[in-house]
Structures are given as C-alpha cells and as structure tokens.
>>> print(open('start11.pdb').read())   # PDB, C-alpha atoms
MODEL        1
ATOM      1  CA  MET A   1      26.514  13.987 -13.319
ATOM      2  CA  ARG A   2      23.199  13.201 -14.977
ATOM      3  CA  ILE A   3      20.192  14.498 -13.042
ATOM      4  CA  ARG A   4      17.279  12.087 -12.987
ATOM      5  CA  PRO A   5      13.957  13.735 -13.916
ATOM      6  CA  MET A   6      11.328  13.706 -11.192
ATOM      7  CA  VAL A   7       8.782  10.935 -11.622
ATOM      8  CA  MET A   8       5.293  12.417 -11.889
ATOM      9  CA  TYR A   9       1.974  10.592 -11.815
ATOM     10  CA  HIS A  10      -0.363  10.824 -14.808
ATOM     11  CA  SER A  11      -4.009   9.815 -15.159
ATOM     12  CA  THR A  12      -4.749   6.823 -17.389
ATOM     13  CA  ARG A  13      -7.552   8.940 -18.867
ATOM     14  CA  GLY A  14      -5.134  11.707 -19.773
ATOM     15  CA  SER A  15      -7.365  14.712 -19.190
ATOM     16  CA  CYS A  16      -5.837  16.264 -16.063
ATOM     17  CA  PRO A  17      -2.361  17.565 -15.177
ATOM     18  CA  PRO A  18       0.241  15.197 -13.687
ATOM     19  CA  VAL A  19       0.744  15.256  -9.920
ATOM     20  CA  SER A  20       3.514  14.428  -7.465
ATOM     21  CA  PHE A  21       3.718  11.149  -5.542
ATOM     22  CA  GLU A  22       2.359  12.913  -2.454
ATOM     23  CA  GLN A  23      -0.677  14.218  -4.329
ATOM     24  CA  ALA A  24      -1.306  10.828  -5.943
ATOM     25  CA  VAL A  25      -1.235   9.032  -2.582
ATOM     26  CA  LEU A  26      -3.636  11.462  -0.896
ATOM     27  CA  GLN A  27      -6.019  11.758  -3.876
ATOM     28  CA  GLY A  28      -6.317   8.037  -4.576
ATOM     29  CA  PHE A  29      -7.843   8.586  -8.018
ATOM     30  CA  ALA A  30      -7.068  11.262 -10.587
ATOM     31  CA  ALA A  31      -9.509  14.162 -10.917
ATOM     32  CA  ASP A  32     -10.868  12.701 -14.179
ATOM     33  CA  GLY A  33     -11.533   9.319 -12.549
ATOM     34  CA  GLY A  34      -8.450   7.611 -13.944
ATOM     35  CA  LEU A  35      -5.725   5.680 -12.174
ATOM     36  CA  PHE A  36      -2.288   7.173 -11.584
ATOM     37  CA  VAL A  37       0.697   5.772 -13.470
ATOM     38  CA  PRO A  38       4.315   6.973 -13.132
ATOM     39  CA  HIS A  39       6.221   8.799 -15.869
ATOM     40  CA  PRO A  40       8.992   8.537 -16.828
ATOM     41  CA  ILE A  41       9.577   4.879 -16.013
ATOM     42  CA  PRO A  42      13.083   4.666 -14.498
ATOM     43  CA  ARG A  43      15.736   2.943 -16.618
ATOM     44  CA  LEU A  44      17.823   0.364 -14.772
ATOM     45  CA  SER A  45      21.319  -0.736 -15.710
ATOM     46  CA  ARG A  46      22.329  -4.396 -15.772
ATOM     47  CA  ASP A  47      24.843  -3.699 -12.982
ATOM     48  CA  ARG A  48      22.102  -2.292 -10.794
ATOM     49  CA  LEU A  49      19.854  -5.284 -11.414
ATOM     50  CA  ASN A  50      22.723  -7.642 -10.619
ATOM     51  CA  HIS A  51      23.241  -5.799  -7.330
ATOM     52  CA  TRP A  52      19.555  -5.959  -6.488
ATOM     53  CA  LYS A  53      19.320  -9.732  -6.860
ATOM     54  CA  HIS A  54      21.453 -10.149  -3.724
ATOM     55  CA  LEU A  55      19.239  -7.934  -1.525
ATOM     56  CA  CYS A  56      16.682  -9.101   1.006
ATOM     57  CA  TYR A  57      13.023  -8.247   0.362
ATOM     58  CA  VAL A  58      12.886  -5.090   2.493
ATOM     59  CA  ASP A  59      16.149  -3.677   1.131
ATOM     60  CA  LEU A  60      14.973  -4.410  -2.404
ATOM     61  CA  ALA A  61      11.715  -2.577  -1.662
ATOM     62  CA  LYS A  62      13.748   0.443  -0.536
ATOM     63  CA  GLU A  63      15.698   0.469  -3.792
ATOM     64  CA  VAL A  64      12.655   0.011  -6.026
ATOM     65  CA  MET A  65      10.479   2.569  -4.242
ATOM     66  CA  SER A  66      13.244   5.174  -4.295
ATOM     67  CA  CYS A  67      13.110   5.000  -8.110
ATOM     68  CA  PHE A  68       9.487   6.160  -8.072
ATOM     69  CA  ILE A  69       9.487   8.544  -5.083
ATOM     70  CA  ASP A  70      11.642  11.637  -5.454
ATOM     71  CA  SER A  71      13.870  12.398  -2.471
ATOM     72  CA  THR A  72      12.494  15.950  -2.403
ATOM     73  CA  ILE A  73       9.071  14.421  -1.637
ATOM     74  CA  VAL A  74      10.235  11.743   0.818
ATOM     75  CA  PRO A  75      13.921  11.892   1.827
ATOM     76  CA  LYS A  76      15.692   8.534   1.452
ATOM     77  CA  GLN A  77      16.217   8.168   5.213
ATOM     78  CA  ASP A  78      12.495   8.703   5.864
ATOM     79  CA  LEU A  79      11.525   6.296   3.085
ATOM     80  CA  ASP A  80      13.774   3.603   4.531
ATOM     81  CA  CYS A  81      12.237   4.081   7.996
ATOM     82  CA  LEU A  82       8.699   3.868   6.598
ATOM     83  CA  LEU A  83       9.502   0.600   4.856
ATOM     84  CA  ASP A  84      11.261  -0.841   7.908
ATOM     85  CA  GLU A  85       8.182  -0.038  10.011
ATOM     86  CA  SER A  86       5.871  -1.506   7.367
ATOM     87  CA  PHE A  87       7.428  -4.953   7.665
ATOM     88  CA  ALA A  88       8.259  -4.886  11.385
ATOM     89  CA  SER A  89       4.952  -6.591  12.275
ATOM     90  CA  PHE A  90       5.505  -9.504   9.858
ATOM     91  CA  ASP A  91       6.411 -12.826  11.457
ATOM     92  CA  LYS A  92       9.098 -13.066   8.787
ATOM     93  CA  ALA A  93      10.512  -9.681   7.782
ATOM     94  CA  ASP A  94      11.933 -11.253   4.624
ATOM     95  CA  PRO A  95       9.038 -13.125   2.931
ATOM     96  CA  PRO A  96      10.276 -16.592   1.919
ATOM     97  CA  LEU A  97      10.857 -17.322  -1.762
ATOM     98  CA  LEU A  98      10.395 -21.060  -2.182
ATOM     99  CA  SER A  99      11.298 -23.306  -5.096
ATOM    100  CA  ILE A 100       8.379 -25.518  -6.165
ATOM    101  CA  ASP A 101      10.160 -27.756  -8.664
ATOM    102  CA  SER A 102      13.307 -29.866  -8.767
ATOM    103  CA  ASP A 103      15.210 -27.760 -11.309
ATOM    104  CA  GLY A 104      14.686 -24.405  -9.573
ATOM    105  CA  GLN A 105      12.819 -22.778 -12.467
ATOM    106  CA  ARG A 106       9.580 -22.008 -10.630
ATOM    107  CA  TRP A 107       9.324 -20.114  -7.375
ATOM    108  CA  VAL A 108       6.575 -18.909  -5.049
ATOM    109  CA  LEU A 109       6.820 -15.819  -2.838
ATOM    110  CA  GLU A 110       4.889 -16.297   0.410
ATOM    111  CA  LEU A 111       2.817 -13.186   1.103
ATOM    112  CA  PHE A 112       0.839 -14.417   4.133
ATOM    113  CA  HIS A 113       3.300 -13.534   6.891
ATOM    114  CA  GLY A 114       1.757 -10.138   7.706
ATOM    115  CA  PRO A 115      -0.411  -9.313  10.737
ATOM    116  CA  THR A 116      -3.730 -10.254   9.032
ATOM    117  CA  LEU A 117      -2.276 -13.188   7.038
ATOM    118  CA  SER A 118      -3.319 -11.475   3.795
ATOM    119  CA  PHE A 119      -1.212 -10.536   0.791
ATOM    120  CA  LYS A 120      -2.689  -7.037   1.155
ATOM    121  CA  ASP A 121      -0.545  -6.494   4.269
ATOM    122  CA  VAL A 122       2.444  -6.078   1.936
ATOM    123  CA  ALA A 123       0.977  -2.961   0.306
ATOM    124  CA  MET A 124      -1.297  -1.570   3.021
ATOM    125  CA  GLY A 125       1.369  -1.402   5.705
ATOM    126  CA  PHE A 126       3.388   1.009   3.589
ATOM    127  CA  LEU A 127       0.478   2.911   2.009
ATOM    128  CA  ILE A 128      -1.133   3.813   5.338
ATOM    129  CA  ARG A 129       2.205   4.844   6.823
ATOM    130  CA  VAL A 130       3.121   7.080   3.897
ATOM    131  CA  MET A 131      -0.361   8.654   4.015
ATOM    132  CA  ASP A 132       0.147   9.357   7.713
ATOM    133  CA  TYR A 133       3.600  10.785   6.953
ATOM    134  CA  PHE A 134       2.191  13.286   4.438
ATOM    135  CA  LEU A 135      -0.787  14.200   6.631
ATOM    136  CA  ASP A 136       1.494  14.875   9.586
ATOM    137  CA  ARG A 137       3.640  17.135   7.436
ATOM    138  CA  ARG A 138       0.533  19.022   6.303
ATOM    139  CA  ASN A 139      -1.035  19.018   9.789
ATOM    140  CA  ASP A 140      -4.136  17.540   8.145
ATOM    141  CA  GLN A 141      -6.538  14.627   8.576
ATOM    142  CA  LEU A 142      -8.127  12.124   6.201
ATOM    143  CA  SER A 143     -11.123   9.785   6.170
ATOM    144  CA  LEU A 144     -10.280   6.577   4.332
ATOM    145  CA  ILE A 145     -13.433   4.848   3.035
ATOM    146  CA  LEU A 146     -12.762   1.560   1.278
ATOM    147  CA  ALA A 147     -14.761  -1.386  -0.004
ATOM    148  CA  THR A 148     -13.510  -4.863   0.813
ATOM    149  CA  THR A 149     -14.505  -8.450   0.135
ATOM    150  CA  GLY A 150     -12.230  -9.718   2.859
ATOM    151  CA  ASP A 151      -8.531  -8.992   2.318
ATOM    152  CA  THR A 152      -8.149  -5.218   1.908
ATOM    153  CA  GLY A 153     -10.318  -4.233   4.883
ATOM    154  CA  PRO A 154      -8.497  -6.103   7.659
ATOM    155  CA  ALA A 155      -5.091  -5.103   6.264
ATOM    156  CA  ALA A 156      -6.082  -1.423   6.075
ATOM    157  CA  ALA A 157      -7.758  -1.494   9.499
ATOM    158  CA  TYR A 158      -4.710  -3.028  11.172
ATOM    159  CA  ALA A 159      -2.305  -0.585   9.507
ATOM    160  CA  ALA A 160      -4.497   2.434  10.332
ATOM    161  CA  ALA A 161      -5.309   1.447  13.928
ATOM    162  CA  GLY A 162      -4.313   4.137  16.411
ATOM    163  CA  ARG A 163      -3.220   6.689  13.818
ATOM    164  CA  LYS A 164      -4.479  10.107  14.879
ATOM    165  CA  ARG A 165      -4.646  11.612  11.397
ATOM    166  CA  ILE A 166      -6.516   8.790   9.632
ATOM    167  CA  SER A 167     -10.091   7.601  10.176
ATOM    168  CA  CYS A 168     -10.561   4.222   8.490
ATOM    169  CA  TRP A 169     -14.015   3.042   7.345
ATOM    170  CA  PRO A 170     -13.848  -0.442   5.772
ATOM    171  CA  LEU A 171     -17.160  -1.396   4.115
ATOM    172  CA  PHE A 172     -17.771  -5.121   3.708
ATOM    173  CA  PRO A 173     -20.718  -7.174   2.341
ATOM    174  CA  ALA A 174     -22.579  -8.257   5.487
ATOM    175  CA  GLY A 175     -22.643 -12.026   5.903
ATOM    176  CA  MET A 176     -20.658 -12.649   2.722
ATOM    177  CA  ILE A 177     -17.045 -12.732   3.885
ATOM    178  CA  SER A 178     -15.333 -15.265   6.115
ATOM    179  CA  LYS A 179     -16.069 -15.000   9.834
ATOM    180  CA  GLU A 180     -12.335 -14.717  10.521
ATOM    181  CA  GLN A 181     -11.957 -11.700   8.234
ATOM    182  CA  GLU A 182     -15.075 -10.040   9.637
ATOM    183  CA  LEU A 183     -13.766 -10.485  13.179
ATOM    184  CA  GLN A 184     -10.389  -9.052  12.180
ATOM    185  CA  MET A 185     -12.216  -5.789  11.418
ATOM    186  CA  THR A 186     -15.002  -5.743  14.008
ATOM    187  CA  THR A 187     -12.885  -6.683  17.030
ATOM    188  CA  ILE A 188      -9.983  -4.314  16.410
ATOM    189  CA  GLU A 189      -9.532  -2.016  19.407
ATOM    190  CA  ALA A 190      -9.002   1.352  17.761
ATOM    191  CA  GLU A 191     -11.260   4.408  17.962
ATOM    192  CA  ASN A 192     -10.256   5.528  14.477
ATOM    193  CA  VAL A 193     -11.406   2.298  12.773
ATOM    194  CA  THR A 194     -15.146   1.877  12.049
ATOM    195  CA  PRO A 195     -16.031  -1.255  10.051
ATOM    196  CA  VAL A 196     -19.458  -1.199   8.379
ATOM    197  CA  GLY A 197     -21.376  -4.250   7.150
ATOM    198  CA  VAL A 198     -23.304  -3.301   3.995
ATOM    199  CA  ARG A 199     -26.355  -5.347   3.000
ATOM    200  CA  GLY A 200     -27.159  -5.972  -0.665
ATOM    201  CA  CYS A 201     -23.731  -4.975  -2.011
ATOM    202  CA  LEU A 202     -21.759  -7.982  -3.191
ATOM    203  CA  GLU A 203     -18.544  -5.965  -3.484
ATOM    204  CA  GLY A 204     -18.820  -4.422  -0.035
ATOM    205  CA  GLY A 205     -19.638  -0.943  -1.307
ATOM    206  CA  ASP A 206     -17.812  -0.621  -4.637
ATOM    207  CA  ASP A 207     -21.234  -0.199  -6.233
ATOM    208  CA  LEU A 208     -22.314   2.599  -3.868
ATOM    209  CA  ASP A 209     -22.296   6.246  -4.910
ATOM    210  CA  LEU A 210     -20.471   8.115  -2.147
TER     211      LEU A 210
ENDMDL
END
>>> encode(input="start11.pdb", output="structure tokens")
Amino acid sequence: MRIRPMVMYHSTRGSCPPVSFEQAVLQGFAADGGLFVPHPIPRLSRDRLNHWKHLCYVDLAKEVMSCFIDSTIVPKQDLDCLLDESFASFDKADPPLLSIDSDGQRWVLELFHGPTLSFKDVAMGFLIRVMDYFLDRRNDQLSLILATTGDTGPAAAYAAAGRKRISCWPLFPAGMISKEQELQMTTIEAENVTPVGVRGCLEGGDDLDL
C-alpha cells in the first residue's frame, strides 16, 4: 500500500520552513510575510474524479479537504463533523448549481445561502470552526483582527459569535460599507465580537500597521 506524503504548507516567499495545516491556520501568514501554499499537490485518479462528480456539495468538500489536511492533524471523523457544522446554518445545505444557457455548458454556483448572504460564509464557517478546534486542543485563545469592506467581517463575526476561545475584531471603513453589512456586525449579540469602524481607511484597516 502506497503511503501518501503529508501535505505541508510553504511560504510563497520561500524563506521560512514549511509548517503543518494546524500551524498555517493559526499563523495566518508565513513568518516571512508570504502566503501559505500546499505541497505536494495531491494527484487524483480519473476514477476518483468520476466518483466525486456524483457527490453533493458538503460531501465533496469533505473529500477535497481530506486531501489537504492529514488525518494525524484532524481525524477524518472530526473533519467531517466540522464541515457538517459549517453548512448547517445555510438555508440550503447543498448550494444550487444552476444552468444559465440552453445547452447546459455554463453553470452558476449560488453562494449566497449562508447566514450573512455573503459568499464568504462558505469559507469563514469552516475556517473559524477549525481554528476553534485547534485552540481547544491546545487550551489556548486567539484574537482575530481582520479588515473588511463588507463581506468578510459579517461572515467572520457570525461564525465566531459565542466561541470562548476566539475574540473577533472586524475593522470596517466607517460610513463606506452598506448599512445592512454594518448592522450585521454592530448588532450581533456576542461578547467576543467587537466591530470597529475605522475613519480614513478605505480598506477598513488593511493599510494600518498593527
């Protein structure tokens, strides 16, 4: 039986050692300021791809993510539970894939069925949960400071709300996002979520030195 090598995460700048999936998630950026990319990229057989095309969205996510997250880091059963929980708050657990032409050659995947109606719900629901999973295992806490222009902040705030190990601080450009998105952050009833309106920063804080 061929043993699959563990996928490690390397900096795009290439000047620091690779890290595990757990380290990459909790660090956010590599020590040299680069982004993390996986290596090696898993190779997929045609049979496996043919099997995947019959899966629903959540089951497909489980299969894809298990290729990039070693079971020694997150056991398969735990990974499946995290993904199930991530999509449990969607009004449609299986995001609709709709044909937009008569010959079925072009399709659109609807990504607005999450709790904040943003495409960012798809990623944030899982990311926050897997962060919480690792922090709980380490008996540790984390302050999550993020800049948003309207989509990321509400999605992160909703996913983080009520989590005892994560304090979420979404920074948004005051008066420059939609009222609906601002209210999604400022009216959330969670002691661990503190939205901050930043004046003079068009990107909500991306241009601040923290």
>>> residues_near_point(input="start11.pdb", point="(-4.0, -9.8, 1.9)", cutoff="9 Å", atoms="all atoms listed in the file", output="VMD selection string")
chain A and resid 111 to 112 114 116 to 124 150 to 155
>>> write_last_selection(input="start11.pdb", atoms="C-alpha atoms", output="short mmCIF file (atom, residue, chain, number, x, y, z; two decimals), in the coordinates of the input")
data_model
loop_
_atom_site.label_atom_id
_atom_site.label_comp_id
_atom_site.auth_asym_id
_atom_site.auth_seq_id
_atom_site.Cartn_x
_atom_site.Cartn_y
_atom_site.Cartn_z
CA LEU A 111 2.82 -13.19 1.10
CA PHE A 112 0.84 -14.42 4.13
CA GLY A 114 1.76 -10.14 7.71
CA THR A 116 -3.73 -10.25 9.03
CA LEU A 117 -2.28 -13.19 7.04
CA SER A 118 -3.32 -11.48 3.80
CA PHE A 119 -1.21 -10.54 0.79
CA LYS A 120 -2.69 -7.04 1.16
CA ASP A 121 -0.55 -6.49 4.27
CA VAL A 122 2.44 -6.08 1.94
CA ALA A 123 0.98 -2.96 0.31
CA MET A 124 -1.30 -1.57 3.02
CA GLY A 150 -12.23 -9.72 2.86
CA ASP A 151 -8.53 -8.99 2.32
CA THR A 152 -8.15 -5.22 1.91
CA GLY A 153 -10.32 -4.23 4.88
CA PRO A 154 -8.50 -6.10 7.66
CA ALA A 155 -5.09 -5.10 6.26
#
>>> axis_aligned_box(input="start11.pdb", around="segment 53-69 of chain A", padding_each_side="8 Å", output="AutoDock Vina command-line options")
--center_x 15.5 --center_y -0.8 --center_z -2.8 --size_x 28.0 --size_y 34.7 --size_z 26.6
>>> residues_around(input="start11.pdb", residues="segment 191-197 of chain A", least_positions_apart="4", cutoff="7 Å", atoms="only C-alpha atoms", output="PyMOL selection string")
chain A and resi 157+161-162+166-174+185-186
>>> atom_distance(input="start11.pdb", atom1="atom CA of Asp80 of chain A", atom2="atom CA of Lys62 of chain A")
6.0 Å
>>> resolve_selection(input="start11.pdb", expression="the PyMOL selection byres ((chain A and resi 6-9) around 10)", output="VMD selection string")
chain A and resid 3 to 5 10 to 12 17 to 25 30 35 to 42 67 to 73
>>> atom_distance(input="start11.pdb", atom1="atom CA of His51 of chain A", atom2="atom CA of Ile128 of chain A")
29.1 Å
>>> atom_distance(input="start11.pdb", atom1="atom CA of Gln184 of chain A", atom2="atom CA of Leu144 of chain A")
17.5 Å
>>> resolve_selection(input="start11.pdb", expression="the PyMOL selection byres ((chain A and resi 126) around 10)", output="CSV table (one decimal) with C-alpha atoms, in the coordinates of the input")
chain,number,residue,atom,x,y,z
A,79,LEU,CA,11.5,6.3,3.1
A,82,LEU,CA,8.7,3.9,6.6
A,83,LEU,CA,9.5,0.6,4.9
A,84,ASP,CA,11.3,-0.8,7.9
A,85,GLU,CA,8.2,0.0,10.0
A,86,SER,CA,5.9,-1.5,7.4
A,87,PHE,CA,7.4,-5.0,7.7
A,121,ASP,CA,-0.5,-6.5,4.3
A,122,VAL,CA,2.4,-6.1,1.9
A,123,ALA,CA,1.0,-3.0,0.3
A,124,MET,CA,-1.3,-1.6,3.0
A,125,GLY,CA,1.4,-1.4,5.7
A,127,LEU,CA,0.5,2.9,2.0
A,128,ILE,CA,-1.1,3.8,5.3
A,129,ARG,CA,2.2,4.8,6.8
A,130,VAL,CA,3.1,7.1,3.9
A,131,MET,CA,-0.4,8.7,4.0
A,132,ASP,CA,0.1,9.4,7.7
A,159,ALA,CA,-2.3,-0.6,9.5
>>> resolve_selection(input="start11.pdb", expression="the PyMOL selection byres ((chain A and resi 109) around 10)", output="PyMOL selection string")
chain A and resi 95-99+107-108+110-112
>>> decode(input="start11.pdb", residues="segment 142-167 of chain A", atoms="N, CA and C atoms", output="PDB file, in the first residue's frame")
ATOM      1  N   LEU A 142      -7.251  33.084  21.012  1.00  0.00           N
ATOM      2  CA  LEU A 142      -6.743  33.828  19.867  1.00  0.00           C
ATOM      3  C   LEU A 142      -7.591  35.070  19.641  1.00  0.00           C
ATOM      4  N   SER A 143      -6.922  36.185  19.326  1.00  0.00           N
ATOM      5  CA  SER A 143      -7.617  37.398  18.903  1.00  0.00           C
ATOM      6  C   SER A 143      -7.519  37.492  17.388  1.00  0.00           C
ATOM      7  N   LEU A 144      -8.659  37.524  16.737  1.00  0.00           N
ATOM      8  CA  LEU A 144      -8.725  37.559  15.279  1.00  0.00           C
ATOM      9  C   LEU A 144      -9.072  38.978  14.848  1.00  0.00           C
ATOM     10  N   ILE A 145      -8.079  39.698  14.306  1.00  0.00           N
ATOM     11  CA  ILE A 145      -8.269  41.070  13.840  1.00  0.00           C
ATOM     12  C   ILE A 145      -8.270  41.043  12.317  1.00  0.00           C
ATOM     13  N   LEU A 146      -9.356  41.502  11.713  1.00  0.00           N
ATOM     14  CA  LEU A 146      -9.447  41.420  10.257  1.00  0.00           C
ATOM     15  C   LEU A 146     -10.044  42.689   9.683  1.00  0.00           C
ATOM     16  N   ALA A 147      -9.570  43.055   8.501  1.00  0.00           N
ATOM     17  CA  ALA A 147     -10.100  44.211   7.786  1.00  0.00           C
ATOM     18  C   ALA A 147     -11.160  43.735   6.808  1.00  0.00           C
ATOM     19  N   THR A 148     -12.244  44.503   6.701  1.00  0.00           N
ATOM     20  CA  THR A 148     -13.329  44.108   5.813  1.00  0.00           C
ATOM     21  C   THR A 148     -13.896  45.321   5.095  1.00  0.00           C
ATOM     22  N   THR A 149     -14.330  45.113   3.864  1.00  0.00           N
ATOM     23  CA  THR A 149     -15.071  46.152   3.148  1.00  0.00           C
ATOM     24  C   THR A 149     -16.528  45.737   3.000  1.00  0.00           C
ATOM     25  N   GLY A 150     -16.938  44.738   3.776  1.00  0.00           N
ATOM     26  CA  GLY A 150     -18.354  44.422   3.805  1.00  0.00           C
ATOM     27  C   GLY A 150     -18.740  42.967   3.828  1.00  0.00           C
ATOM     28  N   ASP A 151     -17.958  42.083   3.211  1.00  0.00           N
ATOM     29  CA  ASP A 151     -18.345  40.672   3.145  1.00  0.00           C
ATOM     30  C   ASP A 151     -17.669  39.821   4.215  1.00  0.00           C
ATOM     31  N   THR A 152     -16.345  39.976   4.351  1.00  0.00           N
ATOM     32  CA  THR A 152     -15.579  39.137   5.275  1.00  0.00           C
ATOM     33  C   THR A 152     -15.996  39.359   6.727  1.00  0.00           C
ATOM     34  N   GLY A 153     -16.166  40.620   7.117  1.00  0.00           N
ATOM     35  CA  GLY A 153     -16.466  40.943   8.512  1.00  0.00           C
ATOM     36  C   GLY A 153     -17.723  40.295   9.049  1.00  0.00           C
ATOM     37  N   PRO A 154     -18.874  40.479   8.404  1.00  0.00           N
ATOM     38  CA  PRO A 154     -20.090  39.832   8.900  1.00  0.00           C
ATOM     39  C   PRO A 154     -19.984  38.309   8.935  1.00  0.00           C
ATOM     40  N   ALA A 155     -19.366  37.722   7.906  1.00  0.00           N
ATOM     41  CA  ALA A 155     -19.234  36.262   7.866  1.00  0.00           C
ATOM     42  C   ALA A 155     -18.369  35.764   9.014  1.00  0.00           C
ATOM     43  N   ALA A 156     -17.249  36.456   9.275  1.00  0.00           N
ATOM     44  CA  ALA A 156     -16.364  36.066  10.373  1.00  0.00           C
ATOM     45  C   ALA A 156     -17.041  36.287  11.718  1.00  0.00           C
ATOM     46  N   ALA A 157     -17.729  37.422  11.865  1.00  0.00           N
ATOM     47  CA  ALA A 157     -18.397  37.735  13.132  1.00  0.00           C
ATOM     48  C   ALA A 157     -19.464  36.700  13.460  1.00  0.00           C
ATOM     49  N   TYR A 158     -20.258  36.326  12.467  1.00  0.00           N
ATOM     50  CA  TYR A 158     -21.314  35.336  12.699  1.00  0.00           C
ATOM     51  C   TYR A 158     -20.710  33.988  13.083  1.00  0.00           C
ATOM     52  N   ALA A 159     -19.665  33.575  12.360  1.00  0.00           N
ATOM     53  CA  ALA A 159     -19.054  32.269  12.631  1.00  0.00           C
ATOM     54  C   ALA A 159     -18.366  32.238  13.992  1.00  0.00           C
ATOM     55  N   ALA A 160     -17.804  33.383  14.410  1.00  0.00           N
ATOM     56  CA  ALA A 160     -17.058  33.434  15.675  1.00  0.00           C
ATOM     57  C   ALA A 160     -17.950  33.680  16.884  1.00  0.00           C
ATOM     58  N   ALA A 161     -19.156  34.167  16.670  1.00  0.00           N
ATOM     59  CA  ALA A 161     -20.037  34.568  17.775  1.00  0.00           C
ATOM     60  C   ALA A 161     -20.231  33.445  18.792  1.00  0.00           C
ATOM     61  N   GLY A 162     -19.942  33.776  20.060  1.00  0.00           N
ATOM     62  CA  GLY A 162     -20.158  32.830  21.144  1.00  0.00           C
ATOM     63  C   GLY A 162     -19.033  31.844  21.383  1.00  0.00           C
ATOM     64  N   ARG A 163     -17.990  31.907  20.570  1.00  0.00           N
ATOM     65  CA  ARG A 163     -16.874  30.961  20.748  1.00  0.00           C
ATOM     66  C   ARG A 163     -15.936  31.487  21.832  1.00  0.00           C
ATOM     67  N   LYS A 164     -15.704  30.667  22.846  1.00  0.00           N
ATOM     68  CA  LYS A 164     -14.987  31.119  24.035  1.00  0.00           C
ATOM     69  C   LYS A 164     -13.494  31.307  23.802  1.00  0.00           C
ATOM     70  N   ARG A 165     -12.955  30.690  22.775  1.00  0.00           N
ATOM     71  CA  ARG A 165     -11.508  30.758  22.561  1.00  0.00           C
ATOM     72  C   ARG A 165     -11.096  31.781  21.498  1.00  0.00           C
ATOM     73  N   ILE A 166     -12.073  32.421  20.863  1.00  0.00           N
ATOM     74  CA  ILE A 166     -11.771  33.380  19.798  1.00  0.00           C
ATOM     75  C   ILE A 166     -12.422  34.724  20.106  1.00  0.00           C
ATOM     76  N   SER A 167     -11.605  35.790  20.085  1.00  0.00           N
ATOM     77  CA  SER A 167     -12.125  37.156  20.128  1.00  0.00           C
ATOM     78  C   SER A 167     -12.009  37.719  18.718  1.00  0.00           C
TER      79      SER A 167
END
